[in-house]
Structures are given as structure tokens and as C-alpha cells.
Amino acid sequence: MEVGDDHEAAGFPEAIHAVQTDWGLLVRIKPVLTANSKYLLTGSGNSIKVFSTTSGSLLEERCYHDAQVVGVISSKTKKDQFISCDENGLVCFWSHQDRKSLEKFTLYTKEDKKFRIASLPFCGKGGELFIVTQEEKQQKGQLRKYFYPYKPKKFVIISKDVPLEPNKIAVSVSGDHVAYVYPEALYVVGGHTRRRHTVGTRYLTCVTFHPSQDALATGDITGRILIWYEIKSPKPTKMELHWHYLPVADLAFSVTGNELYSGGEENVLVKWQLSEEKRSFLPRLGMHIRFVVTDITNTYIVTAQKDNAFSIISAKKYKAEGVIQGLAMNTDNAEPFPAGIAYDPFTRAVVLNGRTGHVQFYDLHHGKQLFHLDITMSNYYSRERYQKIYNTDVEKLAVSPDGCWLATVEYRDDHQSSMELRLKFWNFKKEDQMKKKLLELLWCGILSTLSSNSS
């Protein structure tokens, strides 16, 4: 008996079709911007997704890998060439403009299968590839440098104890120096020297190199940023910057090196103008910032948030211009979707928790968030350094069979004051939504026209 016949015999009018998709998280690894700043590339599951920075739309998906992608970087040897690598050791060289331009090679021999690739930090001007490998059950990685033409055995080991976490390892623009941080010290490796600079109990969290000077920047758990000058010296000169209250998650210099951007759990991007000793703030960027990325044209800054979203920020106006949103994740609860899952017959989307205090409508067939609804109507409060902060969140939801009504229950209990519990009903008005949709389509048409005129 066919599946459809089985369901008809059971009294169902139509067969139930199972849909399985593997879209993967968008913010698991650091993304990269193309040279013209028009496109954002990121690894997601086994593929590389290409988004428009203007509209935020998913333009295409490159499926070159059979295993999870651990790194996507731009090549320094060919214009418009990108390099991606998966955890099984397959490295792909490909062009964003030309689909036929594809080269592959593997880092592994049969004897190396006990290793997995942890990350792909950098490509040098001579085509050298810096690869972090992890041996089975080891908590530290091995940094290898592969040379062109690439062969599995053609590499040198830079260090045998680099960290595996993102943002804790960086390579200088020249490729001559590598820096990595463990909580208690900064390590700088270059040539035949390896220097260790201790920092006491203000444990380090991230590191990045200056694009033109003999300098780098580190962040720590107290929110402090240190800029280290003359890093080849046994005693580098240090400059301190401090605004963040919580740990600094990531740092990025602008292409000129005059600005330094920092982000963390405050959901605020801070711009440090180093020559003028000024700072600017861009708050309310969603959830905790995990990555900060700049481009070579000084057009955009991109922040990647823990709720699986990218914020596209104008470098000149220092203003958020768009959001690329995947399946939003609730990071405050052990259960990411505490309210469960419902179905919306109007949009044919599933309805479930999004970021804290929100409900999202997610299209499973196309792997994109249609929109999200702010249920609690309250700002998200970041955690305190020594105290947990409780935000109001959606604990239950239900959609009526005709899709006209949404019911939500929001809850907050800080175990000190009275418990908060609210039941809300939301009515779908088709007329208002049609007007909103027309305005969105009109605005997208204006953006497309402006983009085509500028190019």
C-alpha cells in the first residue's frame, strides 16, 4: 500500500509528506565579505550560503562539501577567489562569479584519519594555507602551514597547542606571525621565536592583528581591550581601552587600521577611533555578538549574533541597514523552543520561539524567517557579571485553525519579586498585512533600482 492510500484508509484526505532540511547555523564560523562588499558568504552545515548585503536575501548556495564546513576565507592569490574547507579535510578553491572555476584537494592521507580539521584561519599572499587540526579527544589543536602546490604531506607545524575556540587565533596580514590566546597569556609565534606574555587573572578571550602596523589587539573577561605595539619585542608597549562590562567576544580593525570595532554580550558594537581617542556606540543589535567582520572597501561592518542573525552596518553612517536572519535561537533557556511548535495556515510556516521574548514565523521549505513578533514588548537585559538576569519569555503559544488568532503566554520569575504571567491574544488582519506587504515590495524595488544605478 502506498503512503497516500494508507492515510486515506485512516480517514485523512491527503498524504502527509515529510520534509527534512539541513540548513545549519549561520553564525557557527566567521563570515566573509566579497571585495565589492555586495555579498556575504558563510558556512552553514555542509554548504556555503551567499547573501546580498543590500536586500539580505539568500542568493545561492554552493554545495561542494559532504562534511561540515569549518572555514570560508578569501584568497590572496586570485581576485574573486574563495577557499572553503570541511572537517574531513577537503579544501575547495572557487570563484563567486564563475561556477565553473573549481579546484579541490584533500589534506588527508589514509594515515591521517585520526585528525579532523577544526578551522581555516588564513591564506597567505604566496598561497600558504593555515589550518588548525584536532587529534581525537584532544582539547588543543595543531596549527599547520601548507604550501602551494598543495599536497597532504607538504606542511610545517607552526604550533602544537593552539586553542580550538573561534576568535582565539589570528594571523598577521603578511603571514609572518601568528598570535593566539589562552586565558592567562598571549602567545606570538614568528620565524624561530615564540613569545609568551602573561596577563594575570584578567583572562583573555579574543585576538586580532592590525592591518598595517606591528601590532595586535586582545579582549578579556573584564571587558578590557589591550592594543599591543611592537609585538616582536620581548616587552611590547600596551594601550588600554575599556567600556565593556562583560567579556569581549570579538575584535576587528578597519581596513586602514584607524578604527577598532568590539562586541560582546551587551549587544552593542563599539567603534574606537584610535587616532582621535574617541568611541561611538551602536546598541540593540539583537542578541549577544559573537563575530565582528569588516571589509576592504570600508563600506560595511557585519556583526554575527547568537540568535543566528547577521547585522549589516554602514561604516560611514555607523547605522544598521539590514538584518540577515536564519532560524532564531532562544539562548536563555536550556530548551531553545519552550513554547513548542504551531502551524500558520496563512503563510504555511511554523510558529515557534525566536529570540528571547519573540515569536518567529519560519518557512521550512525555503529555510528563511518570514517575520518575527515582539510578544513581551520589552528590551532584552544582558546578564550581570556576578548575577543572573531573568528576561520575560514566551512559554506557551497556539494558533487557531483558521490562522486568524495567535494566543501566547509569557512568563518571568526572578525568585525575588512576584511571578509575572500574562495571556495575550493576537488578531491577524488581512487588510493591514496586504498594505504592509505592498510597502515592502515597493521598498525592495527602490533598493534594487538604487543598487543597479550605482553599479
# chains A, B, ... in the order shown; residues from 1 in each chain; ligands from 1
call {"tool": "closest_atom_pairs", "arguments": {"of": "segment 117-227 of chain A", "to": "segment 100-105 of chain A", "cutoff": "12 Å", "atoms": "only C-alpha atoms", "output": "Markdown table"}}
result
| residue | atom | partner | partner_atom | distance |
| --- | --- | --- | --- | --- |
| A:Tyr146 | CA | A:Phe105 | CA | 11.9 |
| A:Tyr148 | CA | A:Phe105 | CA | 11.4 |
| A:Pro149 | CA | A:Phe105 | CA | 10.1 |
| A:Tyr150 | CA | A:Phe105 | CA | 7.5 |
| A:Lys151 | CA | A:Phe105 | CA | 7.9 |
| A:Pro152 | CA | A:Phe105 | CA | 8.7 |
call {"tool": "closest_atom_pairs", "arguments": {"of": "segment 368-392 of chain A", "to": "segment 228-249 of chain A", "cutoff": "12 Å", "atoms": "only C-alpha atoms", "output": "CSV"}}
result
residue,atom,partner,partner_atom,distance
A:Ser382,CA,A:Leu246,CA,9.0
A:Arg383,CA,A:Leu246,CA,8.3
A:Glu384,CA,A:Leu246,CA,7.6
A:Arg385,CA,A:Leu246,CA,6.4
A:Tyr386,CA,A:Leu246,CA,10.1
A:Gln387,CA,A:Leu246,CA,11.8
call {"tool": "residues_around", "arguments": {"residues": "Leu327 of chain A", "least_positions_apart": "6", "cutoff": "8 Å", "atoms": "only C-alpha atoms", "output": "short mmCIF file (atom, residue, chain, number, x, y, z; two decimals) with N, CA, C and O atoms, in the first residue's frame"}}
result
data_model
loop_
_atom_site.label_atom_id
_atom_site.label_comp_id
_atom_site.auth_asym_id
_atom_site.auth_seq_id
_atom_site.Cartn_x
_atom_site.Cartn_y
_atom_site.Cartn_z
N LEU A 25 23.42 26.22 11.17
CA LEU A 25 23.52 27.55 11.77
C LEU A 25 24.30 28.48 10.85
O LEU A 25 25.25 28.09 10.19
N ASP A 307 21.64 34.72 18.15
CA ASP A 307 20.32 34.26 17.73
C ASP A 307 20.29 33.90 16.25
O ASP A 307 19.23 33.89 15.62
N ASN A 308 21.49 33.63 15.67
CA ASN A 308 21.60 33.14 14.30
C ASN A 308 21.27 34.23 13.28
O ASN A 308 20.56 33.98 12.30
N GLY A 354 11.53 32.63 19.00
CA GLY A 354 12.67 33.20 18.31
C GLY A 354 13.68 33.67 19.34
O GLY A 354 14.00 32.95 20.29
N TYR A 362 8.60 30.79 10.57
CA TYR A 362 9.74 30.27 9.81
C TYR A 362 9.26 29.35 8.69
O TYR A 362 8.50 28.40 8.93
N GLY A 367 13.82 27.65 4.09
CA GLY A 367 14.85 27.88 5.09
C GLY A 367 15.07 29.33 5.44
O GLY A 367 16.21 29.80 5.51
N LYS A 368 13.97 30.09 5.64
CA LYS A 368 14.15 31.50 5.99
C LYS A 368 13.05 31.95 6.95
O LYS A 368 11.93 31.42 6.94
N GLN A 369 13.40 32.94 7.75
CA GLN A 369 12.42 33.53 8.67
C GLN A 369 11.59 34.54 7.91
O GLN A 369 12.13 35.45 7.26
#
call {"tool": "closest_residue", "arguments": {"among": "A:Val359, A:Val199, A:Ala118, A:Ala35", "to": "Met377 of chain A", "atoms": "only C-alpha atoms"}}
result
A:Val359
call {"tool": "closest_atom_pairs", "arguments": {"of": "segment 16-119 of chain A", "to": "segment 127-143 of chain A", "cutoff": "8 Å", "atoms": "only C-alpha atoms", "output": "JSON lines"}}
result
{"residue": "A:Ser75", "atom": "CA", "partner": "A:Gly127", "partner_atom": "CA", "distance": 7.6}
{"residue": "A:Lys76", "atom": "CA", "partner": "A:Gly127", "partner_atom": "CA", "distance": 6.8}
{"residue": "A:Thr77", "atom": "CA", "partner": "A:Gly127", "partner_atom": "CA", "distance": 6.0}
{"residue": "A:Lys114", "atom": "CA", "partner": "A:Glu136", "partner_atom": "CA", "distance": 6.1}
{"residue": "A:Phe115", "atom": "CA", "partner": "A:Glu135", "partner_atom": "CA", "distance": 4.6}
{"residue": "A:Arg116", "atom": "CA", "partner": "A:Gln134", "partner_atom": "CA", "distance": 5.3}
{"residue": "A:Ile117", "atom": "CA", "partner": "A:Thr133", "partner_atom": "CA", "distance": 4.5}
{"residue": "A:Ala118", "atom": "CA", "partner": "A:Thr133", "partner_atom": "CA", "distance": 5.3}
{"residue": "A:Ser119", "atom": "CA", "partner": "A:Val132", "partner_atom": "CA", "distance": 5.2}
call {"tool": "write_last_selection", "arguments": {"atoms": "all heavy atoms", "output": "compact mmCIF listing (two decimals), in the first residue's frame"}}
result
# COMPACT_ATOMS: atom_id res chain seq x y z
N SER A 75 40.82 34.37 -0.95
CA SER A 75 42.17 34.04 -1.39
C SER A 75 42.98 35.31 -1.59
O SER A 75 42.45 36.35 -1.99
CB SER A 75 42.10 33.26 -2.71
OG SER A 75 43.39 33.10 -3.26
N LYS A 76 44.26 35.24 -1.30
CA LYS A 76 45.15 36.38 -1.51
C LYS A 76 45.91 36.29 -2.84
O LYS A 76 46.65 37.20 -3.19
CB LYS A 76 46.18 36.46 -0.36
CG LYS A 76 45.56 36.66 1.02
CD LYS A 76 44.90 38.01 1.13
CE LYS A 76 44.47 38.29 2.56
NZ LYS A 76 43.44 37.37 3.05
N THR A 77 45.70 35.20 -3.57
CA THR A 77 46.47 35.00 -4.81
C THR A 77 45.66 35.31 -6.07
O THR A 77 46.22 35.70 -7.08
CB THR A 77 46.96 33.54 -4.90
OG1 THR A 77 45.83 32.65 -4.85
CG2 THR A 77 47.88 33.23 -3.75
N LYS A 114 42.80 10.03 11.84
CA LYS A 114 42.55 10.26 13.27
C LYS A 114 42.41 11.75 13.57
O LYS A 114 42.05 12.13 14.68
CB LYS A 114 43.67 9.66 14.11
CG LYS A 114 45.05 10.24 13.81
CD LYS A 114 46.13 9.55 14.64
CE LYS A 114 47.52 10.12 14.30
NZ LYS A 114 48.57 9.48 15.09
N PHE A 115 42.71 12.62 12.59
CA PHE A 115 42.59 14.05 12.76
C PHE A 115 41.29 14.55 12.13
O PHE A 115 40.76 13.94 11.21
CB PHE A 115 43.75 14.79 12.09
CG PHE A 115 45.08 14.63 12.79
CD1 PHE A 115 45.97 13.65 12.41
CD2 PHE A 115 45.43 15.48 13.82
CE1 PHE A 115 47.19 13.50 13.04
CE2 PHE A 115 46.64 15.35 14.47
CZ PHE A 115 47.52 14.35 14.09
N ARG A 116 40.81 15.68 12.64
CA ARG A 116 39.74 16.43 11.98
C ARG A 116 40.21 17.86 11.83
O ARG A 116 41.08 18.34 12.57
CB ARG A 116 38.44 16.39 12.77
CG ARG A 116 38.52 17.07 14.14
CD ARG A 116 37.16 17.16 14.82
NE ARG A 116 36.32 18.15 14.20
CZ ARG A 116 36.30 19.44 14.58
NH1 ARG A 116 37.10 19.88 15.56
NH2 ARG A 116 35.50 20.29 14.00
N ILE A 117 39.67 18.55 10.84
CA ILE A 117 40.01 19.96 10.65
C ILE A 117 39.10 20.79 11.55
O ILE A 117 37.87 20.65 11.51
CB ILE A 117 39.84 20.38 9.18
CG1 ILE A 117 40.67 19.47 8.27
CG2 ILE A 117 40.25 21.84 9.00
CD1 ILE A 117 42.14 19.46 8.57
N ALA A 118 39.71 21.66 12.36
CA ALA A 118 38.93 22.49 13.29
C ALA A 118 38.60 23.85 12.70
O ALA A 118 37.50 24.38 12.91
CB ALA A 118 39.69 22.66 14.60
N SER A 119 39.55 24.46 11.95
CA SER A 119 39.29 25.78 11.37
C SER A 119 40.29 26.07 10.26
O SER A 119 41.33 25.42 10.13
CB SER A 119 39.36 26.87 12.44
OG SER A 119 40.67 26.98 12.97
call {"tool": "residues_around", "arguments": {"residues": "segment 281-293 of chain A", "least_positions_apart": "2", "cutoff": "9 Å", "atoms": "only C-alpha atoms", "output": "JSON list (two decimals) with N, CA and C atoms, in the first residue's frame"}}
result
[["chain", "number", "residue", "atom", "x", "y", "z"],
["A", 27, "VAL", "N", 25.83, 31.34, 12.03],
["A", 27, "VAL", "CA", 26.87, 32.06, 12.76],
["A", 27, "VAL", "C", 27.84, 31.13, 13.48],
["A", 29, "ILE", "N", 30.65, 29.83, 12.16],
["A", 29, "ILE", "CA", 32.00, 30.27, 11.82],
["A", 29, "ILE", "C", 31.95, 31.73, 11.38],
["A", 30, "LYS", "N", 33.12, 32.37, 11.29],
["A", 30, "LYS", "CA", 33.16, 33.79, 10.91],
["A", 30, "LYS", "C", 32.87, 33.93, 9.42],
["A", 31, "PRO", "N", 31.96, 34.86, 9.04],
["A", 31, "PRO", "CA", 31.65, 35.05, 7.62],
["A", 31, "PRO", "C", 32.71, 35.89, 6.93],
["A", 32, "VAL", "N", 32.55, 36.09, 5.62],
["A", 32, "VAL", "CA", 33.49, 36.90, 4.85],
["A", 32, "VAL", "C", 32.70, 37.72, 3.83],
["A", 33, "LEU", "N", 33.14, 38.95, 3.58],
["A", 33, "LEU", "CA", 32.53, 39.82, 2.59],
["A", 33, "LEU", "C", 33.33, 39.78, 1.29],
["A", 166, "PRO", "N", 36.64, 29.75, 18.44],
["A", 166, "PRO", "CA", 36.73, 30.85, 17.47],
["A", 166, "PRO", "C", 37.25, 32.12, 18.12],
["A", 167, "ASN", "N", 37.86, 32.96, 17.32],
["A", 167, "ASN", "CA", 38.37, 34.29, 17.71],
["A", 167, "ASN", "C", 39.62, 34.25, 18.58],
["A", 249, "ALA", "N", 33.84, 39.58, 23.06],
["A", 249, "ALA", "CA", 33.72, 38.36, 22.27],
["A", 249, "ALA", "C", 34.57, 38.38, 21.01],
["A", 250, "ASP", "N", 34.66, 39.55, 20.36],
["A", 250, "ASP", "CA", 35.43, 39.62, 19.12],
["A", 250, "ASP", "C", 35.88, 41.05, 18.86],
["A", 251, "LEU", "N", 36.95, 41.16, 18.06],
["A", 251, "LEU", "CA", 37.54, 42.44, 17.69],
["A", 251, "LEU", "C", 37.84, 42.43, 16.20],
["A", 252, "ALA", "N", 37.77, 43.62, 15.56],
["A", 252, "ALA", "CA", 38.12, 43.73, 14.15],
["A", 252, "ALA", "C", 38.58, 45.14, 13.85],
["A", 253, "PHE", "N", 39.74, 45.28, 13.18],
["A", 253, "PHE", "CA", 40.21, 46.58, 12.72],
["A", 253, "PHE", "C", 39.56, 46.92, 11.39],
["A", 254, "SER", "N", 39.43, 48.21, 11.12],
["A", 254, "SER", "CA", 39.03, 48.65, 9.78],
["A", 254, "SER", "C", 40.19, 48.42, 8.82],
["A", 261, "TYR", "N", 36.77, 47.83, 16.10],
["A", 261, "TYR", "CA", 35.40, 47.51, 16.48],
["A", 261, "TYR", "C", 35.41, 46.36, 17.48],
["A", 262, "SER", "N", 34.55, 46.47, 18.49],
["A", 262, "SER", "CA", 34.48, 45.43, 19.52],
["A", 262, "SER", "C", 33.03, 45.14, 19.85],
["A", 263, "GLY", "N", 32.76, 43.87, 20.21],
["A", 263, "GLY", "CA", 31.39, 43.47, 20.57],
["A", 263, "GLY", "C", 31.40, 42.35, 21.58],
["A", 264, "GLY", "N", 30.27, 42.21, 22.29],
["A", 264, "GLY", "CA", 30.16, 41.16, 23.30],
["A", 264, "GLY", "C", 28.71, 40.95, 23.69],
["A", 265, "GLU", "N", 28.50, 40.61, 24.95],
["A", 265, "GLU", "CA", 27.16, 40.25, 25.43],
["A", 265, "GLU", "C", 26.27, 41.44, 25.71],
["A", 266, "GLU", "N", 26.80, 42.66, 25.64],
["A", 266, "GLU", "CA", 25.94, 43.83, 25.85],
["A", 266, "GLU", "C", 25.07, 44.12, 24.64],
["A", 267, "ASN", "N", 25.28, 43.41, 23.52],
["A", 267, "ASN", "CA", 24.54, 43.62, 22.28],
["A", 267, "ASN", "C", 24.83, 44.99, 21.68],
["A", 268, "VAL", "N", 26.01, 45.51, 21.95],
["A", 268, "VAL", "CA", 26.42, 46.84, 21.49],
["A", 268, "VAL", "C", 27.72, 46.70, 20.71],
["A", 269, "LEU", "N", 27.77, 47.33, 19.52],
["A", 269, "LEU", "CA", 29.02, 47.41, 18.77],
["A", 269, "LEU", "C", 29.69, 48.73, 19.10],
["A", 270, "VAL", "N", 30.94, 48.67, 19.52],
["A", 270, "VAL", "CA", 31.69, 49.87, 19.91],
["A", 270, "VAL", "C", 32.75, 50.15, 18.85],
["A", 271, "LYS", "N", 32.78, 51.39, 18.37],
["A", 271, "LYS", "CA", 33.82, 51.82, 17.43],
["A", 271, "LYS", "C", 34.81, 52.71, 18.16],
["A", 279, "ARG", "N", 35.14, 57.23, 20.89],
["A", 279, "ARG", "CA", 34.40, 55.99, 20.73],
["A", 279, "ARG", "C", 32.93, 56.29, 20.43],
["A", 295, "ASP", "N", 35.25, 45.03, 5.91],
["A", 295, "ASP", "CA", 35.58, 44.75, 4.51],
["A", 295, "ASP", "C", 36.74, 45.63, 4.04],
["A", 300, "TYR", "N", 31.04, 48.32, 4.89],
["A", 300, "TYR", "CA", 30.18, 47.67, 5.87],
["A", 300, "TYR", "C", 31.00, 47.10, 7.03],
["A", 301, "ILE", "N", 30.32, 47.02, 8.16],
["A", 301, "ILE", "CA", 30.73, 46.17, 9.28],
["A", 301, "ILE", "C", 29.60, 45.15, 9.46],
["A", 302, "VAL", "N", 29.95, 43.91, 9.68],
["A", 302, "VAL", "CA", 28.96, 42.87, 9.89],
["A", 302, "VAL", "C", 29.16, 42.27, 11.28],
["A", 303, "THR", "N", 28.10, 42.21, 12.05],
["A", 303, "THR", "CA", 28.15, 41.52, 13.34],
["A", 303, "THR", "C", 27.30, 40.25, 13.24],
["A", 304, "ALA", "N", 27.77, 39.19, 13.85],
["A", 304, "ALA", "CA", 27.03, 37.93, 13.91],
["A", 304, "ALA", "C", 26.56, 37.72, 15.33],
["A", 305, "GLN", "N", 25.24, 37.54, 15.50],
["A", 305, "GLN", "CA", 24.65, 37.40, 16.83],
["A", 305, "GLN", "C", 24.33, 35.95, 17.17],
["A", 306, "LYS", "N", 24.19, 35.69, 18.46],
["A", 306, "LYS", "CA", 23.92, 34.34, 18.95],
["A", 306, "LYS", "C", 22.54, 33.83, 18.55],
["A", 307, "ASP", "N", 21.64, 34.72, 18.15],
["A", 307, "ASP", "CA", 20.32, 34.26, 17.73],
["A", 307, "ASP", "C", 20.29, 33.90, 16.25],
["A", 308, "ASN", "N", 21.49, 33.63, 15.67],
["A", 308, "ASN", "CA", 21.60, 33.14, 14.30],
["A", 308, "ASN", "C", 21.27, 34.23, 13.28],
["A", 309, "ALA", "N", 21.78, 35.44, 13.51],
["A", 309, "ALA", "CA", 21.49, 36.56, 12.63],
["A", 309, "ALA", "C", 22.76, 37.37, 12.38],
["A", 311, "SER", "N", 23.90, 41.37, 11.36],
["A", 311, "SER", "CA", 23.51, 42.77, 11.20],
["A", 311, "SER", "C", 24.46, 43.44, 10.21],
["A", 318, "TYR", "N", 27.52, 54.66, 10.34],
["A", 318, "TYR", "CA", 27.51, 53.88, 11.59],
["A", 318, "TYR", "C", 26.08, 53.64, 12.04],
["A", 319, "LYS", "N", 25.35, 52.98, 11.13],
["A", 319, "LYS", "CA", 23.93, 52.73, 11.32],
["A", 319, "LYS", "C", 23.58, 51.37, 10.74],
["A", 320, "ALA", "N", 22.75, 50.62, 11.47],
["A", 320, "ALA", "CA", 22.32, 49.31, 10.98],
["A", 320, "ALA", "C", 21.41, 49.49, 9.77],
["A", 331, "THR", "N", 18.55, 31.64, 23.38],
["A", 331, "THR", "CA", 19.78, 31.27, 24.07],
["A", 331, "THR", "C", 19.69, 31.34, 25.58],
["A", 355, "ARG", "N", 14.15, 34.90, 19.17],
["A", 355, "ARG", "CA", 14.98, 35.48, 20.22],
["A", 355, "ARG", "C", 14.12, 35.66, 21.47],
["A", 356, "THR", "N", 14.75, 35.89, 22.60],
["A", 356, "THR", "CA", 14.04, 35.97, 23.87],
["A", 356, "THR", "C", 12.92, 37.01, 23.81],
["A", 379, "ASN", "N", 12.76, 45.51, 26.40],
["A", 379, "ASN", "CA", 14.16, 45.38, 25.99],
["A", 379, "ASN", "C", 14.77, 44.12, 26.58],
["A", 380, "TYR", "N", 15.74, 43.57, 25.86],
["A", 380, "TYR", "CA", 16.47, 42.41, 26.36],
["A", 380, "TYR", "C", 17.56, 42.89, 27.31],
["A", 382, "SER", "N", 20.97, 42.23, 29.31],
["A", 382, "SER", "CA", 22.16, 41.39, 29.36],
["A", 382, "SER", "C", 22.43, 40.94, 30.78]]
call {"tool": "residues_around", "arguments": {"residues": "Val188 of chain A", "least_positions_apart": "5", "cutoff": "7 Å", "atoms": "only C-alpha atoms", "output": "count of residues only"}}
result
7
call {"tool": "residues_around", "arguments": {"residues": "segment 402-410 of chain A", "least_positions_apart": "5", "cutoff": "7 Å", "atoms": "only C-alpha atoms", "output": "ChimeraX atom specification"}}
result
/A:344-346,392-397,421-428
call {"tool": "write_last_selection", "arguments": {"atoms": "all heavy atoms", "output": "short mmCIF file (atom, residue, chain, number, x, y, z; two decimals), in the first residue's frame"}}
result
data_model
loop_
_atom_site.label_atom_id
_atom_site.label_comp_id
_atom_site.auth_asym_id
_atom_site.auth_seq_id
_atom_site.Cartn_x
_atom_site.Cartn_y
_atom_site.Cartn_z
N ASP A 344 1.00 27.88 10.93
CA ASP A 344 0.21 29.02 10.47
C ASP A 344 -0.30 28.73 9.06
O ASP A 344 0.51 28.67 8.12
CB ASP A 344 1.05 30.29 10.47
CG ASP A 344 0.29 31.47 9.89
OD1 ASP A 344 -0.94 31.52 10.07
OD2 ASP A 344 0.93 32.32 9.24
N PRO A 345 -1.60 28.54 8.87
CA PRO A 345 -2.12 28.19 7.54
C PRO A 345 -2.00 29.32 6.52
O PRO A 345 -2.00 29.07 5.32
CB PRO A 345 -3.59 27.84 7.81
CG PRO A 345 -3.93 28.54 9.08
CD PRO A 345 -2.67 28.56 9.88
N PHE A 346 -1.92 30.59 6.96
CA PHE A 346 -1.82 31.70 6.03
C PHE A 346 -0.47 31.69 5.32
O PHE A 346 -0.40 31.79 4.09
CB PHE A 346 -1.99 33.04 6.77
CG PHE A 346 -3.43 33.43 6.94
CD1 PHE A 346 -3.86 34.05 8.10
CD2 PHE A 346 -4.36 33.18 5.94
CE1 PHE A 346 -5.19 34.40 8.27
CE2 PHE A 346 -5.68 33.53 6.10
CZ PHE A 346 -6.10 34.15 7.27
N THR A 392 11.71 38.28 30.50
CA THR A 392 10.39 37.72 30.23
C THR A 392 10.43 36.97 28.90
O THR A 392 10.93 37.49 27.91
CB THR A 392 9.33 38.83 30.16
OG1 THR A 392 9.40 39.63 31.34
CG2 THR A 392 7.93 38.25 30.02
N ASP A 393 9.88 35.76 28.87
CA ASP A 393 9.92 34.95 27.66
C ASP A 393 8.57 34.29 27.41
O ASP A 393 7.72 34.20 28.31
CB ASP A 393 11.02 33.89 27.76
CG ASP A 393 11.49 33.42 26.40
OD1 ASP A 393 10.99 33.96 25.39
OD2 ASP A 393 12.34 32.51 26.33
N VAL A 394 8.37 33.83 26.19
CA VAL A 394 7.13 33.16 25.79
C VAL A 394 7.23 31.68 26.14
O VAL A 394 8.14 30.98 25.66
CB VAL A 394 6.88 33.34 24.28
CG1 VAL A 394 5.56 32.68 23.88
CG2 VAL A 394 6.87 34.81 23.91
N GLU A 395 6.30 31.20 26.97
CA GLU A 395 6.34 29.81 27.43
C GLU A 395 5.32 28.92 26.72
O GLU A 395 5.51 27.70 26.64
CB GLU A 395 6.07 29.77 28.94
CG GLU A 395 7.15 30.41 29.78
CD GLU A 395 8.45 29.62 29.79
OE1 GLU A 395 8.39 28.38 29.76
OE2 GLU A 395 9.52 30.24 29.83
N LYS A 396 4.25 29.51 26.20
CA LYS A 396 3.22 28.73 25.50
C LYS A 396 2.71 29.55 24.33
O LYS A 396 2.66 30.79 24.38
CB LYS A 396 2.04 28.37 26.42
CG LYS A 396 2.39 27.55 27.64
CD LYS A 396 2.77 26.12 27.28
CE LYS A 396 3.09 25.31 28.52
NZ LYS A 396 3.52 23.92 28.18
N LEU A 397 2.31 28.86 23.24
CA LEU A 397 1.67 29.54 22.11
C LEU A 397 0.71 28.57 21.42
O LEU A 397 0.88 27.35 21.48
CB LEU A 397 2.69 30.10 21.13
CG LEU A 397 3.62 29.15 20.36
CD1 LEU A 397 2.98 28.62 19.09
CD2 LEU A 397 4.91 29.88 20.01
N LEU A 421 2.92 36.58 34.90
CA LEU A 421 2.30 35.64 33.97
C LEU A 421 1.23 36.39 33.19
O LEU A 421 0.31 36.97 33.78
CB LEU A 421 1.69 34.46 34.73
CG LEU A 421 1.19 33.27 33.90
CD1 LEU A 421 2.36 32.57 33.22
CD2 LEU A 421 0.45 32.29 34.80
N ARG A 422 1.32 36.40 31.84
CA ARG A 422 0.38 37.15 31.02
C ARG A 422 -0.10 36.29 29.86
O ARG A 422 0.70 35.63 29.19
CB ARG A 422 1.02 38.43 30.46
CG ARG A 422 1.54 39.39 31.51
CD ARG A 422 2.12 40.64 30.88
NE ARG A 422 2.76 41.49 31.87
CZ ARG A 422 4.04 41.40 32.22
NH1 ARG A 422 4.81 40.47 31.65
NH2 ARG A 422 4.55 42.20 33.12
N LEU A 423 -1.39 36.35 29.61
CA LEU A 423 -2.01 35.70 28.46
C LEU A 423 -2.40 36.79 27.47
O LEU A 423 -3.10 37.74 27.84
CB LEU A 423 -3.24 34.89 28.90
CG LEU A 423 -4.10 34.31 27.79
CD1 LEU A 423 -3.33 33.26 26.98
CD2 LEU A 423 -5.38 33.70 28.37
N LYS A 424 -1.97 36.64 26.20
CA LYS A 424 -2.27 37.65 25.18
C LYS A 424 -2.87 36.97 23.96
O LYS A 424 -2.52 35.83 23.63
CB LYS A 424 -1.00 38.41 24.77
CG LYS A 424 -0.40 39.27 25.87
CD LYS A 424 0.84 40.00 25.39
CE LYS A 424 1.42 40.89 26.48
NZ LYS A 424 2.66 41.59 26.04
N PHE A 425 -3.79 37.70 23.28
CA PHE A 425 -4.39 37.23 22.04
C PHE A 425 -4.05 38.22 20.93
O PHE A 425 -4.21 39.43 21.09
CB PHE A 425 -5.91 37.11 22.19
CG PHE A 425 -6.33 36.06 23.19
CD1 PHE A 425 -6.56 36.40 24.52
CD2 PHE A 425 -6.47 34.73 22.81
CE1 PHE A 425 -6.93 35.44 25.45
CE2 PHE A 425 -6.85 33.76 23.73
CZ PHE A 425 -7.07 34.12 25.05
N TRP A 426 -3.63 37.68 19.79
CA TRP A 426 -3.19 38.49 18.66
C TRP A 426 -4.08 38.15 17.46
O TRP A 426 -4.21 36.99 17.08
CB TRP A 426 -1.73 38.20 18.32
CG TRP A 426 -0.80 38.34 19.49
CD1 TRP A 426 -0.58 37.42 20.48
CD2 TRP A 426 0.02 39.46 19.80
NE1 TRP A 426 0.33 37.90 21.39
CE2 TRP A 426 0.72 39.15 20.99
CE3 TRP A 426 0.25 40.69 19.19
CZ2 TRP A 426 1.63 40.03 21.57
CZ3 TRP A 426 1.14 41.57 19.76
CH2 TRP A 426 1.82 41.24 20.95
N ASN A 427 -4.65 39.20 16.86
CA ASN A 427 -5.56 39.01 15.73
C ASN A 427 -4.87 39.36 14.42
O ASN A 427 -4.23 40.41 14.30
CB ASN A 427 -6.82 39.87 15.91
CG ASN A 427 -7.81 39.68 14.78
OD1 ASN A 427 -8.26 40.66 14.18
ND2 ASN A 427 -8.18 38.45 14.49
N PHE A 428 -5.00 38.47 13.44
CA PHE A 428 -4.42 38.71 12.11
C PHE A 428 -5.43 39.47 11.25
O PHE A 428 -6.53 38.98 11.00
CB PHE A 428 -4.07 37.36 11.46
CG PHE A 428 -3.49 37.49 10.07
CD1 PHE A 428 -2.13 37.68 9.89
CD2 PHE A 428 -4.30 37.43 8.95
CE1 PHE A 428 -1.59 37.79 8.62
CE2 PHE A 428 -3.77 37.55 7.67
CZ PHE A 428 -2.41 37.74 7.51
#
call {"tool": "atom_distance", "arguments": {"atom1": "atom CA of Phe51 of chain A", "atom2": "atom CA of Leu352 of chain A"}}
result
24.1 Å
call {"tool": "select_by_dssp", "arguments": {"residues": "segment 1-216 of chain A", "states": "alpha helix (DSSP H)", "output": "PyMOL selection string"}}
result
chain A and resi 3-9
call {"tool": "closest_residue", "arguments": {"among": "A:Ala398, A:Asn353, A:His372, A:Pro121", "to": "Glu335 of chain A", "atoms": "only C-alpha atoms"}}
result
A:Asn353
call {"tool": "closest_residue", "arguments": {"among": "A:Ser400, A:Thr198, A:Ser52, A:Thr218", "to": "Phe310 of chain A", "atoms": "only C-alpha atoms"}}
result
A:Ser52
call {"tool": "atom_distance", "arguments": {"atom1": "atom CA of Gln68 of chain A", "atom2": "atom CA of Lys49 of chain A"}}
result
13.0 Å
call {"tool": "atom_distance", "arguments": {"atom1": "atom CA of Val50 of chain A", "atom2": "atom CA of Lys168 of chain A"}}
result
25.5 Å
call {"tool": "residues_around", "arguments": {"residues": "Ser47 of chain A", "least_positions_apart": "5", "cutoff": "12 Å", "atoms": "only C-alpha atoms", "output": "ChimeraX atom specification"}}
result
/A:22-26,41-42,60-72,84-86,92
